[in-house]
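Reproduced below: input_13.cif, with mmCIF, C-alpha atoms and all ligand atoms.
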```cif
data_my_file
loop_
_atom_site.group_PDB
_atom_site.id
_atom_site.type_symbol
_atom_site.label_atom_id
_atom_site.label_comp_id
_atom_site.auth_asym_id
_atom_site.auth_seq_id
_atom_site.Cartn_x
_atom_site.Cartn_y
_atom_site.Cartn_z
ATOM 1 C CA MET A 1 -59.158 24.731 -38.729
ATOM 2 C CA LEU A 2 -57.382 25.368 -42.046
ATOM 3 C CA GLU A 3 -56.579 22.807 -44.697
ATOM 4 C CA LEU A 4 -54.608 23.278 -47.869
ATOM 5 C CA ALA A 5 -54.831 20.480 -50.413
ATOM 6 C CA GLY A 6 -52.574 20.505 -53.456
ATOM 7 C CA ILE A 7 -52.589 24.247 -53.867
ATOM 8 C CA ARG A 8 -50.928 25.753 -56.905
ATOM 9 C CA ALA A 9 -50.720 29.450 -57.609
ATOM 10 C CA GLY A 10 -48.532 32.063 -59.205
ATOM 11 C CA TYR A 11 -48.463 35.220 -61.248
ATOM 12 C CA GLY A 12 -49.635 35.080 -64.852
ATOM 13 C CA ARG A 13 -48.198 31.957 -66.396
ATOM 14 C CA ILE A 14 -45.459 31.608 -63.805
ATOM 15 C CA GLU A 15 -46.329 29.076 -61.134
ATOM 16 C CA VAL A 16 -44.792 29.862 -57.728
ATOM 17 C CA LEU A 17 -46.574 27.363 -55.448
ATOM 18 C CA HIS A 18 -46.224 23.839 -56.797
ATOM 19 C CA GLY A 19 -48.837 21.837 -54.908
ATOM 20 C CA LEU A 20 -48.848 22.441 -51.145
ATOM 21 C CA ASP A 21 -50.618 20.400 -48.482
ATOM 22 C CA LEU A 22 -50.913 21.554 -44.896
ATOM 23 C CA ALA A 23 -53.286 21.321 -41.962
ATOM 24 C CA VAL A 24 -53.339 24.000 -39.273
ATOM 25 C CA ARG A 25 -54.997 23.122 -35.981
ATOM 26 C CA GLU A 26 -56.981 25.558 -33.909
ATOM 27 C CA GLY A 27 -54.820 27.303 -31.309
ATOM 28 C CA GLU A 28 -51.469 26.587 -32.867
ATOM 29 C CA ILE A 29 -48.765 28.815 -34.264
ATOM 30 C CA ILE A 30 -47.240 27.351 -37.362
ATOM 31 C CA THR A 31 -44.282 29.000 -39.027
ATOM 32 C CA ILE A 32 -43.266 28.863 -42.674
ATOM 33 C CA ILE A 33 -39.525 29.219 -43.076
ATOM 34 C CA GLY A 34 -37.750 29.787 -46.354
ATOM 35 C CA ALA A 35 -35.219 31.869 -48.245
ATOM 36 C CA ASN A 36 -35.946 34.921 -50.418
ATOM 37 C CA GLY A 37 -38.272 34.016 -53.240
ATOM 38 C CA ALA A 38 -39.304 30.631 -51.843
ATOM 39 C CA GLY A 39 -42.961 31.681 -52.138
ATOM 40 C CA LYS A 40 -43.826 32.407 -48.512
ATOM 41 C CA SER A 41 -45.602 35.695 -49.181
ATOM 42 C CA THR A 42 -47.332 34.186 -52.184
ATOM 43 C CA LEU A 43 -48.650 31.407 -49.967
ATOM 44 C CA LEU A 44 -50.113 33.873 -47.467
ATOM 45 C CA LYS A 45 -51.631 35.874 -50.320
ATOM 46 C CA ALA A 46 -53.175 32.696 -51.702
ATOM 47 C CA LEU A 47 -54.799 32.030 -48.309
ATOM 48 C CA SER A 48 -56.106 35.567 -47.900
ATOM 49 C CA GLY A 49 -57.504 35.661 -51.430
ATOM 50 C CA VAL A 50 -55.101 38.206 -52.920
ATOM 51 C CA VAL A 51 -53.597 35.578 -55.244
ATOM 52 C CA LYS A 52 -55.981 33.105 -56.884
ATOM 53 C CA LEU A 53 -55.282 29.374 -56.987
ATOM 54 C CA SER A 54 -54.795 27.554 -60.275
ATOM 55 C CA ALA A 55 -55.407 24.203 -58.554
ATOM 56 C CA GLY A 56 -56.170 22.709 -55.161
ATOM 57 C CA SER A 57 -58.367 23.906 -52.337
ATOM 58 C CA VAL A 58 -58.306 25.908 -49.128
ATOM 59 C CA THR A 59 -60.811 24.927 -46.460
ATOM 60 C CA PHE A 60 -61.298 27.172 -43.442
ATOM 61 C CA ARG A 61 -63.574 25.981 -40.662
ATOM 62 C CA ASP A 62 -65.239 23.426 -42.928
ATOM 63 C CA GLU A 63 -65.887 25.869 -45.746
ATOM 64 C CA ARG A 64 -64.124 26.133 -49.105
ATOM 65 C CA ILE A 65 -62.768 29.693 -49.298
ATOM 66 C CA ASP A 66 -60.437 29.557 -52.295
ATOM 67 C CA LYS A 67 -62.937 31.147 -54.673
ATOM 68 C CA PHE A 68 -63.809 33.927 -52.233
ATOM 69 C CA SER A 69 -62.760 37.569 -52.469
ATOM 70 C CA VAL A 70 -60.383 39.117 -49.944
ATOM 71 C CA GLU A 71 -63.360 40.856 -48.352
ATOM 72 C CA GLN A 72 -65.326 37.626 -47.959
ATOM 73 C CA ILE A 73 -62.317 35.922 -46.414
ATOM 74 C CA VAL A 74 -61.761 38.749 -43.912
ATOM 75 C CA GLN A 75 -65.420 38.491 -42.980
ATOM 76 C CA ARG A 76 -64.816 34.849 -42.103
ATOM 77 C CA ARG A 77 -62.128 36.179 -39.780
ATOM 78 C CA LEU A 78 -59.055 34.984 -41.613
ATOM 79 C CA VAL A 79 -56.918 38.123 -41.597
ATOM 80 C CA GLN A 80 -53.522 38.832 -43.108
ATOM 81 C CA ILE A 81 -50.951 41.381 -41.991
ATOM 82 C CA PRO A 82 -49.096 42.062 -45.224
ATOM 83 C CA GLU A 83 -45.351 42.203 -45.671
ATOM 84 C CA GLY A 84 -44.275 45.820 -45.304
ATOM 85 C CA ARG A 85 -47.239 46.584 -42.995
ATOM 86 C CA GLN A 86 -49.133 48.756 -45.519
ATOM 87 C CA LEU A 87 -50.572 51.218 -43.087
ATOM 88 C CA PHE A 88 -52.320 54.366 -44.213
ATOM 89 C CA GLY A 89 -49.412 56.716 -43.522
ATOM 90 C CA PRO A 90 -51.219 60.069 -43.607
ATOM 91 C CA LEU A 91 -54.016 58.783 -41.373
ATOM 92 C CA THR A 92 -53.747 58.706 -37.601
ATOM 93 C CA VAL A 93 -53.353 55.631 -35.445
ATOM 94 C CA ARG A 94 -57.009 55.999 -34.444
ATOM 95 C CA GLU A 95 -58.163 56.142 -38.077
ATOM 96 C CA ASN A 96 -56.075 53.114 -39.054
ATOM 97 C CA LEU A 97 -57.650 51.140 -36.211
ATOM 98 C CA ALA A 98 -61.123 52.258 -37.242
ATOM 99 C CA LEU A 99 -60.478 50.979 -40.775
ATOM 100 C CA GLY A 100 -59.386 47.645 -39.314
ATOM 101 C CA ALA A 101 -62.736 47.358 -37.574
ATOM 102 C CA TYR A 102 -64.669 48.081 -40.760
ATOM 103 C CA SER A 103 -65.234 44.436 -41.692
ATOM 104 C CA ARG A 104 -66.640 43.718 -38.193
ATOM 105 C CA ARG A 105 -68.633 46.801 -37.312
ATOM 106 C CA ARG A 106 -71.158 44.617 -35.520
ATOM 107 C CA GLY A 107 -68.700 42.055 -34.210
ATOM 108 C CA ALA A 108 -68.851 39.767 -31.214
ATOM 109 C CA VAL A 109 -66.953 42.260 -29.085
ATOM 110 C CA PRO A 110 -67.804 45.994 -29.115
ATOM 111 C CA VAL A 111 -65.203 48.200 -30.795
ATOM 112 C CA ALA A 112 -64.381 50.067 -27.573
ATOM 113 C CA GLN A 113 -63.618 46.784 -25.854
ATOM 114 C CA ARG A 114 -61.419 45.650 -28.756
ATOM 115 C CA LEU A 115 -59.481 48.893 -28.392
ATOM 116 C CA ARG A 116 -58.990 48.363 -24.669
ATOM 117 C CA ARG A 117 -57.530 44.933 -25.303
ATOM 118 C CA ILE A 118 -55.187 46.341 -27.936
ATOM 119 C CA PHE A 119 -53.985 49.121 -25.639
ATOM 120 C CA ALA A 120 -53.285 46.563 -22.933
ATOM 121 C CA LEU A 121 -51.085 44.714 -25.429
ATOM 122 C CA PHE A 122 -49.492 47.798 -26.970
ATOM 123 C CA PRO A 123 -49.700 50.744 -24.552
ATOM 124 C CA ARG A 124 -47.563 52.837 -26.898
ATOM 125 C CA LEU A 125 -50.401 52.936 -29.425
ATOM 126 C CA GLU A 126 -52.763 54.506 -26.931
ATOM 127 C CA GLU A 127 -50.220 57.250 -26.256
ATOM 128 C CA ARG A 128 -50.025 57.969 -29.990
ATOM 129 C CA LEU A 129 -53.668 57.749 -31.053
ATOM 130 C CA ASP A 130 -53.668 61.068 -32.884
ATOM 131 C CA GLN A 131 -50.235 60.693 -34.462
ATOM 132 C CA GLN A 132 -49.986 60.006 -38.203
ATOM 133 C CA ALA A 133 -49.152 56.359 -38.792
ATOM 134 C CA GLY A 134 -46.378 57.317 -41.203
ATOM 135 C CA THR A 135 -44.487 59.120 -38.447
ATOM 136 C CA LEU A 136 -44.432 56.153 -36.040
ATOM 137 C CA SER A 137 -41.191 54.249 -35.480
ATOM 138 C CA GLY A 138 -40.803 50.932 -37.297
ATOM 139 C CA GLY A 139 -41.714 48.991 -34.168
ATOM 140 C CA GLU A 140 -44.777 51.107 -33.501
ATOM 141 C CA GLN A 141 -45.863 50.672 -37.117
ATOM 142 C CA GLN A 142 -45.643 46.906 -36.762
ATOM 143 C CA MET A 143 -47.653 47.096 -33.539
ATOM 144 C CA LEU A 144 -50.262 49.162 -35.357
ATOM 145 C CA ALA A 145 -50.356 46.700 -38.246
ATOM 146 C CA ILE A 146 -51.049 43.883 -35.786
ATOM 147 C CA ALA A 147 -53.557 46.011 -33.881
ATOM 148 C CA ARG A 148 -55.407 46.942 -37.053
ATOM 149 C CA ALA A 149 -55.711 43.264 -37.940
ATOM 150 C CA LEU A 150 -56.977 42.488 -34.428
ATOM 151 C CA MET A 151 -59.774 45.012 -34.896
ATOM 152 C CA ALA A 152 -61.217 42.584 -37.460
ATOM 153 C CA GLU A 153 -61.472 39.949 -34.674
ATOM 154 C CA PRO A 154 -59.408 37.296 -36.461
ATOM 155 C CA LEU A 155 -59.705 33.607 -35.686
ATOM 156 C CA LEU A 156 -56.662 32.929 -37.845
ATOM 157 C CA LEU A 157 -53.980 35.578 -38.266
ATOM 158 C CA LEU A 158 -51.428 35.479 -41.093
ATOM 159 C CA LEU A 159 -48.224 37.383 -40.383
ATOM 160 C CA ASP A 160 -45.630 38.128 -43.043
ATOM 161 C CA GLU A 161 -42.244 38.854 -41.455
ATOM 162 C CA PRO A 162 -43.327 40.912 -38.441
ATOM 163 C CA SER A 163 -39.698 41.130 -37.273
ATOM 164 C CA MET A 164 -38.552 42.746 -40.508
ATOM 165 C CA GLY A 165 -36.316 45.743 -39.911
ATOM 166 C CA LEU A 166 -36.839 45.912 -36.162
ATOM 167 C CA ALA A 167 -34.388 46.084 -33.268
ATOM 168 C CA PRO A 168 -34.145 42.933 -31.125
ATOM 169 C CA LEU A 169 -35.822 44.504 -28.115
ATOM 170 C CA VAL A 170 -38.798 45.603 -30.192
ATOM 171 C CA VAL A 171 -38.999 42.179 -31.821
ATOM 172 C CA ARG A 172 -39.100 40.692 -28.355
ATOM 173 C CA ASP A 173 -42.006 42.957 -27.354
ATOM 174 C CA ILE A 174 -43.923 42.119 -30.491
ATOM 175 C CA PHE A 175 -43.357 38.399 -30.173
ATOM 176 C CA ALA A 176 -44.396 38.555 -26.511
ATOM 177 C CA ALA A 177 -47.657 40.158 -27.650
ATOM 178 C CA LEU A 178 -48.131 37.438 -30.267
ATOM 179 C CA ARG A 179 -47.553 34.775 -27.628
ATOM 180 C CA ALA A 180 -50.130 36.414 -25.348
ATOM 181 C CA LEU A 181 -52.645 36.503 -28.208
ATOM 182 C CA ASN A 182 -52.007 32.848 -28.941
ATOM 183 C CA GLN A 183 -52.550 31.987 -25.283
ATOM 184 C CA GLU A 184 -55.954 33.631 -25.585
ATOM 185 C CA GLY A 185 -56.642 31.165 -28.396
ATOM 186 C CA LEU A 186 -55.652 32.992 -31.582
ATOM 187 C CA THR A 187 -54.301 30.668 -34.283
ATOM 188 C CA MET A 188 -51.442 31.996 -36.413
ATOM 189 C CA ILE A 189 -49.408 31.308 -39.497
ATOM 190 C CA LEU A 190 -46.127 33.152 -39.192
ATOM 191 C CA VAL A 191 -43.768 33.689 -42.105
ATOM 192 C CA GLU A 192 -40.185 34.530 -41.256
ATOM 193 C CA GLN A 193 -36.814 34.257 -42.916
ATOM 194 C CA ASP A 194 -35.013 33.917 -39.620
ATOM 195 C CA ALA A 195 -35.927 30.458 -38.457
ATOM 196 C CA ARG A 196 -34.606 30.966 -34.977
ATOM 197 C CA ILE A 197 -36.929 33.828 -34.150
ATOM 198 C CA ALA A 198 -39.927 32.109 -35.681
ATOM 199 C CA LEU A 199 -39.333 28.691 -34.135
ATOM 200 C CA SER A 200 -38.885 30.219 -30.702
ATOM 201 C CA LEU A 201 -42.540 31.268 -30.874
ATOM 202 C CA ALA A 202 -44.176 28.581 -33.017
ATOM 203 C CA HIS A 203 -45.387 25.108 -32.113
ATOM 204 C CA ARG A 204 -44.662 23.667 -35.518
ATOM 205 C CA GLY A 205 -42.686 24.656 -38.586
ATOM 206 C CA VAL A 206 -42.612 23.966 -42.288
ATOM 207 C CA VAL A 207 -39.579 24.600 -44.468
ATOM 208 C CA MET A 208 -40.364 25.886 -47.936
ATOM 209 C CA GLU A 209 -37.975 25.740 -50.883
ATOM 210 C CA ARG A 210 -38.858 27.022 -54.337
ATOM 211 C CA GLY A 211 -42.591 26.651 -53.910
ATOM 212 C CA ARG A 212 -42.547 23.267 -52.194
ATOM 213 C CA PHE A 213 -42.651 22.130 -48.576
ATOM 214 C CA VAL A 214 -39.532 20.077 -47.964
ATOM 215 C CA LEU A 215 -39.664 19.499 -44.215
ATOM 216 C CA GLU A 216 -42.333 19.665 -41.520
ATOM 217 C CA ASP A 217 -41.718 19.077 -37.819
ATOM 218 C CA SER A 218 -42.230 20.386 -34.308
ATOM 219 C CA ALA A 219 -40.605 23.754 -33.660
ATOM 220 C CA ARG A 220 -38.304 22.159 -31.121
ATOM 221 C CA ALA A 221 -37.064 19.517 -33.554
ATOM 222 C CA LEU A 222 -36.479 22.112 -36.267
ATOM 223 C CA LEU A 223 -34.607 24.386 -33.848
ATOM 224 C CA GLU A 224 -32.230 21.518 -33.144
ATOM 225 C CA ASN A 225 -31.931 20.432 -36.787
ATOM 226 C CA PRO A 226 -28.332 21.181 -37.929
ATOM 227 C CA GLU A 227 -29.369 21.672 -41.566
ATOM 228 C CA VAL A 228 -32.047 24.180 -40.620
ATOM 229 C CA GLN A 229 -29.552 25.939 -38.377
ATOM 230 C CA ALA A 230 -26.936 26.112 -41.127
ATOM 231 C CA ILE A 231 -29.285 27.360 -43.820
ATOM 232 C CA TYR A 232 -31.928 29.442 -42.071
ATOM 233 C CA PHE A 233 -30.520 30.876 -38.850
ATOM 234 C CA GLY A 234 -29.302 34.432 -39.186
ATOM 235 C CA GLN A 235 -31.125 35.070 -42.460
ATOM 236 C CA ARG A 236 -31.903 38.634 -41.487
ATOM 237 C CA GLU A 237 -28.232 39.594 -41.784
ATOM 238 C CA SER A 238 -27.498 37.880 -45.075
ATOM 239 C CA ASN A 239 -30.717 38.956 -46.755
ATOM 240 C CA LEU A 240 -30.161 42.551 -45.819
ATOM 241 C CA ALA A 241 -26.858 42.435 -47.681
ATOM 242 C CA ARG A 242 -28.499 40.795 -50.680
ATOM 243 C CA ARG A 243 -31.325 43.316 -50.765
ATOM 244 C CA GLU A 244 -28.872 46.202 -50.679
ATOM 245 C CA ALA A 245 -27.239 44.770 -53.785
ATOM 246 C CA LYS A 246 -30.516 44.247 -55.659
ATOM 247 C CA PRO A 247 -31.323 47.191 -57.946
ATOM 248 C CA GLY A 248 -34.889 48.442 -58.104
ATOM 249 C CA TYR A 249 -35.848 46.543 -55.031
ATOM 250 C CA GLY A 250 -37.482 49.576 -53.445
ATOM 251 C CA GLU A 251 -39.902 49.965 -56.332
ATOM 252 C CA LEU A 252 -41.284 46.498 -55.742
ATOM 253 C CA SER A 253 -41.753 46.988 -52.048
ATOM 254 C CA PRO A 254 -41.308 50.511 -50.712
ATOM 255 C CA GLY A 255 -42.535 49.490 -47.270
ATOM 256 C CA ARG A 256 -39.799 46.959 -46.990
ATOM 257 C CA ARG A 257 -37.116 49.385 -48.097
ATOM 258 C CA GLU A 258 -38.195 51.584 -45.207
ATOM 259 C CA ALA A 259 -38.020 48.629 -42.908
ATOM 260 C CA ASP A 260 -34.578 47.670 -44.120
ATOM 261 C CA ARG A 261 -33.352 51.154 -43.448
ATOM 262 C CA GLY A 262 -34.599 50.854 -39.877
ATOM 263 C CA HIS A 263 -32.839 47.565 -39.571
ATOM 264 C CA GLN A 264 -29.570 49.071 -40.683
ATOM 265 C CA GLU A 265 -29.833 51.839 -38.161
ATOM 266 C CA VAL A 266 -30.508 49.588 -35.243
ATOM 267 C CA SER A 267 -28.036 46.902 -36.212
ATOM 268 C CA HIS A 268 -25.213 49.389 -36.486
ATOM 269 C CA GLY A 269 -22.596 48.391 -33.968
ATOM 270 C CA LEU A 270 -24.715 45.738 -32.319
ATOM 271 C CA SER A 271 -25.146 42.084 -33.046
ATOM 272 C CA LEU A 272 -28.750 41.119 -33.679
ATOM 273 C CA GLU A 273 -28.006 37.446 -33.332
ATOM 274 C CA THR A 274 -26.299 37.587 -29.964
ATOM 275 C CA THR A 275 -28.836 39.981 -28.561
ATOM 276 C CA TRP A 276 -31.678 37.774 -29.657
ATOM 277 C CA ALA A 277 -29.953 34.647 -28.324
ATOM 278 C CA ASP A 278 -29.443 36.376 -24.983
ATOM 279 C CA ASP A 279 -33.132 37.142 -24.852
ATOM 280 C CA GLN A 280 -34.184 33.598 -25.595
ATOM 281 C CA GLY A 281 -34.027 32.176 -22.102
ATOM 282 C CA GLU A 282 -36.458 34.646 -20.644
ATOM 283 C CA GLY A 283 -39.533 33.115 -22.214
ATOM 284 C CA ALA A 284 -40.628 36.526 -23.468
HETATM 285 N N1 LIG A 301 -46.581 40.399 -58.099
HETATM 286 C C1 LIG A 301 -45.728 39.499 -58.618
HETATM 287 N N2 LIG A 301 -45.639 39.303 -59.960
HETATM 288 C C2 LIG A 301 -44.797 38.389 -60.485
HETATM 289 N N3 LIG A 301 -43.998 37.596 -59.756
HETATM 290 C C3 LIG A 301 -44.022 37.740 -58.424
HETATM 291 C C4 LIG A 301 -44.884 38.699 -57.780
HETATM 292 N N4 LIG A 301 -44.685 38.611 -56.446
HETATM 293 C C5 LIG A 301 -43.772 37.642 -56.264
HETATM 294 N N5 LIG A 301 -43.352 37.118 -57.444
HETATM 295 C C6 LIG A 301 -42.380 36.041 -57.629
HETATM 296 O O1 LIG A 301 -42.826 34.902 -56.916
HETATM 297 C C7 LIG A 301 -41.727 34.234 -56.303
HETATM 298 C C8 LIG A 301 -42.004 34.071 -54.820
HETATM 299 O O2 LIG A 301 -42.083 35.372 -54.220
HETATM 300 P P1 LIG A 301 -42.544 35.589 -52.717
HETATM 301 O O3 LIG A 301 -42.639 37.046 -52.500
HETATM 302 O O4 LIG A 301 -43.738 34.753 -52.451
HETATM 303 O O5 LIG A 301 -41.308 34.984 -51.937
HETATM 304 P P2 LIG A 301 -40.954 35.076 -50.394
HETATM 305 O O6 LIG A 301 -40.644 33.704 -49.955
HETATM 306 O O7 LIG A 301 -42.003 35.805 -49.660
HETATM 307 O O8 LIG A 301 -39.601 35.936 -50.430
HETATM 308 P P3 LIG A 301 -39.041 37.036 -49.382
HETATM 309 O O9 LIG A 301 -38.411 36.239 -48.296
HETATM 310 O O10 LIG A 301 -38.015 37.788 -50.172
HETATM 311 O O11 LIG A 301 -40.167 37.876 -48.926
HETATM 312 C C9 LIG A 301 -40.495 35.052 -56.617
HETATM 313 O O12 LIG A 301 -39.825 34.440 -57.682
HETATM 314 C C10 LIG A 301 -41.043 36.386 -57.017
HETATM 315 O O13 LIG A 301 -40.216 37.027 -57.948
HETATM 316 MG MG MG A 302 -42.054 37.549 -48.607
#
```
Represent the supplied structure as structure tokens.
Amino acid sequence: MLELAGIRAGYGRIEVLHGLDLAVREGEIITIIGANGAGKSTLLKALSGVVKLSAGSVTFRDERIDKFSVEQIVQRRLVQIPEGRQLFGPLTVRENLALGAYSRRRGAVPVAQRLRRIFALFPRLEERLDQQAGTLSGGEQQMLAIARALMAEPLLLLLDEPSMGLAPLVVRDIFAALRALNQEGLTMILVEQDARIALSLAHRGVVMERGRFVLEDSARALLENPEVQAIYFGQRESNLARREAKPGYGELSPGRREADRGHQEVSHGLSLETTWADDQGEGA
């Protein structure tokens, strides 16, 4: 469904992605795992057209899309949920959803029916339709970010750290919704720092280090890989500490600073890792 061949991209003269190859099959969830700065967000931005390639190609459903604008790519139903959610805070839930539908006003499924499906997945959004997006809880904001993307009727959904800053129970709800969407046939590329969370949902994973893919395997094999466990499990905790220490971080990504604050609140006095591990067996 999606093929990357030798893609290189970066910012100005600085190259961040150093030649990536990957094939994503229809119906699968593939996760990209990597530390801070590995280039995960840059990769998603390169696929959604936000960052332009300096070399290589991206083919989506037998069509080269790497020269297309973001708008043209969304119209082909490849939709990204950006890191930090980027909702329109002063607008209501209803208005944010309407904006999501803008690229597919005359889509395959009528807008009212798309909304019904979204409310079945995230009933809390229906209860808060007239609330300003900026006043939603972190979990509700993530649900809205996913819902807004769904309004564009994606065939391939790109998710950049949907678990960021959220309590384990909310993460479980959101990942259950993602699993349900995948079972309806939606293909996904999921970026996460915490390999355990991502691999529990994905079929396949790719490990990215400094702009290169260094390992690709089934999610099960990667979950059991001792090196992956040692380096990438529990990243949420360690990265939070690192981000706290990084000056000016909030200016680069205000959405994420918000998210981190939420994370701190919920993780106070409670172990994210154990709670998540306890949840694992339930097949959420
Ligand atoms: N807008 C930008 N301008 C210049 N450099 C950037 C920009 N955005 C990202 N970079 C740089 O590109 C590299 C990869 O960043 P990217 O955000 O893709 O990493 P990431 O894997 O998503 O990290 P994180 O886990 O912290 O989100 C980093 O060195 C970063 O400083
Ligand atoms: Mg990122």
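Applied to this file, the PyMOL selection byres (((chain A and resi 225-227) around 12) and not hetatm) selects Ala195, Arg196, Leu199, Gly205, Val207, Leu215, Glu216, Asp217, Ser218, Ala219, Arg220, Ala221, Leu222, Leu223, Glu224, Val228, Gln229, Ala230, Ile231, Tyr232 and Phe233 of chain A.
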Would you write out, as a tab-separated table, a table of all residues in chain A that have an atom no more than 9 Å from an atom of ligand LIG 301 (chain A), listing for each the closest atom pair and the distance in Å to one decimal, considering all atoms listed in the file and ordering rows by chain and rising residue number?
```
residue	atom	partner	partner_atom	distance
A:Gly10	CA	A:LIG301	O1	6.8
A:Tyr11	CA	A:LIG301	C2	4.9
A:Gly12	CA	A:LIG301	C2	7.3
A:Ile14	CA	A:LIG301	N3	7.4
A:Glu15	CA	A:LIG301	O1	8.0
A:Val16	CA	A:LIG301	O1	5.5
A:Leu17	CA	A:LIG301	C8	8.1
A:Ile33	CA	A:LIG301	O6	8.3
A:Gly34	CA	A:LIG301	O6	6.1
A:Ala35	CA	A:LIG301	O9	5.4
A:Asn36	CA	A:LIG301	O9	3.5
A:Gly37	CA	A:LIG301	O5	3.4
A:Ala38	CA	A:LIG301	O6	3.8
A:Gly39	CA	A:LIG301	O4	3.2
A:Lys40	CA	A:LIG301	O6	3.7
A:Ser41	CA	A:LIG301	O7	3.6
A:Thr42	CA	A:LIG301	O4	3.6
A:Leu43	CA	A:LIG301	O4	6.4
A:Leu44	CA	A:LIG301	O4	8.1
A:Lys45	CA	A:LIG301	O4	8.3
A:Val51	CA	A:LIG301	N1	9.0
A:Glu83	CA	A:LIG301	O11	7.5
A:Asp160	CA	A:LIG301	O7	7.9
A:Glu161	CA	A:LIG301	O11	7.8
A:Val191	CA	A:LIG301	O7	8.0
A:Glu192	CA	A:LIG301	O9	7.5
A:Gln193	CA	A:LIG301	O9	6.0
A:Met208	CA	A:LIG301	O6	8.1
A:Glu209	CA	A:LIG301	O6	8.5
A:Arg210	CA	A:LIG301	C8	7.7
A:Gly211	CA	A:LIG301	C8	7.5
A:Asn239	CA	A:LIG301	O10	8.1
A:Arg243	CA	A:LIG301	O10	8.7
A:Leu252	CA	A:LIG301	N1	8.4
```
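Picture a line from CA of Val93 in chain A to CA of Leu47 in chain A; it runs 26.9 Å.
Across the structure, CA of Gly49 in chain A and CA of Met164 in chain A are spaced 23.0 Å apart.
Candidate residues A:Ile32, A:Val79, A:Ala202, A:Leu178 were compared for distance to ligand MG 302 (chain A), and the nearest is A:Ile32, using only C-alpha atoms and all ligand atoms.
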Exercise: residues within 12 Å of coordinate (-61.8, 52.0, -38.8), counting only C-alpha atoms, as an MDAnalysis selection string: chainID A and resid 88 91:105 111:112 114:115 147:152
Which residues would end up in the selection if the PyMOL selection byres (((chain A and resi 142-145) around 7) and not hetatm) were applied here, given that I need the answer as a CSV table (one decimal) with C-alpha atoms, in the frame of the given file?
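Written out: selection-v9.csv:
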```csv
chain,number,residue,atom,x,y,z
A,81,ILE,CA,-51.0,41.4,-42.0
A,85,ARG,CA,-47.2,46.6,-43.0
A,87,LEU,CA,-50.6,51.2,-43.1
A,122,PHE,CA,-49.5,47.8,-27.0
A,138,GLY,CA,-40.8,50.9,-37.3
A,139,GLY,CA,-41.7,49.0,-34.2
A,140,GLU,CA,-44.8,51.1,-33.5
A,141,GLN,CA,-45.9,50.7,-37.1
A,146,ILE,CA,-51.0,43.9,-35.8
A,147,ALA,CA,-53.6,46.0,-33.9
A,148,ARG,CA,-55.4,46.9,-37.1
A,149,ALA,CA,-55.7,43.3,-37.9
A,162,PRO,CA,-43.3,40.9,-38.4
A,174,ILE,CA,-43.9,42.1,-30.5
```
Residues in the PyMOL selection byres (((chain A and resi 48) around 12) and not hetatm), expressed as a PyMOL selection string: chain A and resi 2+41-47+49-53+58-60+65-82+156-160+189
Keeping only C-alpha atoms, take the residues you just selected and write them out as an mmCIF file, in the coordinates of the input.
```
data_model
loop_
_atom_site.group_PDB
_atom_site.id
_atom_site.type_symbol
_atom_site.label_atom_id
_atom_site.label_comp_id
_atom_site.auth_asym_id
_atom_site.auth_seq_id
_atom_site.Cartn_x
_atom_site.Cartn_y
_atom_site.Cartn_z
ATOM 1 C CA LEU A 2 -57.382 25.368 -42.046
ATOM 2 C CA SER A 41 -45.602 35.695 -49.181
ATOM 3 C CA THR A 42 -47.332 34.186 -52.184
ATOM 4 C CA LEU A 43 -48.650 31.407 -49.967
ATOM 5 C CA LEU A 44 -50.113 33.873 -47.467
ATOM 6 C CA LYS A 45 -51.631 35.874 -50.320
ATOM 7 C CA ALA A 46 -53.175 32.696 -51.702
ATOM 8 C CA LEU A 47 -54.799 32.030 -48.309
ATOM 9 C CA GLY A 49 -57.504 35.661 -51.430
ATOM 10 C CA VAL A 50 -55.101 38.206 -52.920
ATOM 11 C CA VAL A 51 -53.597 35.578 -55.244
ATOM 12 C CA LYS A 52 -55.981 33.105 -56.884
ATOM 13 C CA LEU A 53 -55.282 29.374 -56.987
ATOM 14 C CA VAL A 58 -58.306 25.908 -49.128
ATOM 15 C CA THR A 59 -60.811 24.927 -46.460
ATOM 16 C CA PHE A 60 -61.298 27.172 -43.442
ATOM 17 C CA ILE A 65 -62.768 29.693 -49.298
ATOM 18 C CA ASP A 66 -60.437 29.557 -52.295
ATOM 19 C CA LYS A 67 -62.937 31.147 -54.673
ATOM 20 C CA PHE A 68 -63.809 33.927 -52.233
ATOM 21 C CA SER A 69 -62.760 37.569 -52.469
ATOM 22 C CA VAL A 70 -60.383 39.117 -49.944
ATOM 23 C CA GLU A 71 -63.360 40.856 -48.352
ATOM 24 C CA GLN A 72 -65.326 37.626 -47.959
ATOM 25 C CA ILE A 73 -62.317 35.922 -46.414
ATOM 26 C CA VAL A 74 -61.761 38.749 -43.912
ATOM 27 C CA GLN A 75 -65.420 38.491 -42.980
ATOM 28 C CA ARG A 76 -64.816 34.849 -42.103
ATOM 29 C CA ARG A 77 -62.128 36.179 -39.780
ATOM 30 C CA LEU A 78 -59.055 34.984 -41.613
ATOM 31 C CA VAL A 79 -56.918 38.123 -41.597
ATOM 32 C CA GLN A 80 -53.522 38.832 -43.108
ATOM 33 C CA ILE A 81 -50.951 41.381 -41.991
ATOM 34 C CA PRO A 82 -49.096 42.062 -45.224
ATOM 35 C CA LEU A 156 -56.662 32.929 -37.845
ATOM 36 C CA LEU A 157 -53.980 35.578 -38.266
ATOM 37 C CA LEU A 158 -51.428 35.479 -41.093
ATOM 38 C CA LEU A 159 -48.224 37.383 -40.383
ATOM 39 C CA ASP A 160 -45.630 38.128 -43.043
ATOM 40 C CA ILE A 189 -49.408 31.308 -39.497
#
```
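The two atoms in question, CA of Ile118 in chain A and CA of His203 in chain A, are spaced 23.8 Å apart.
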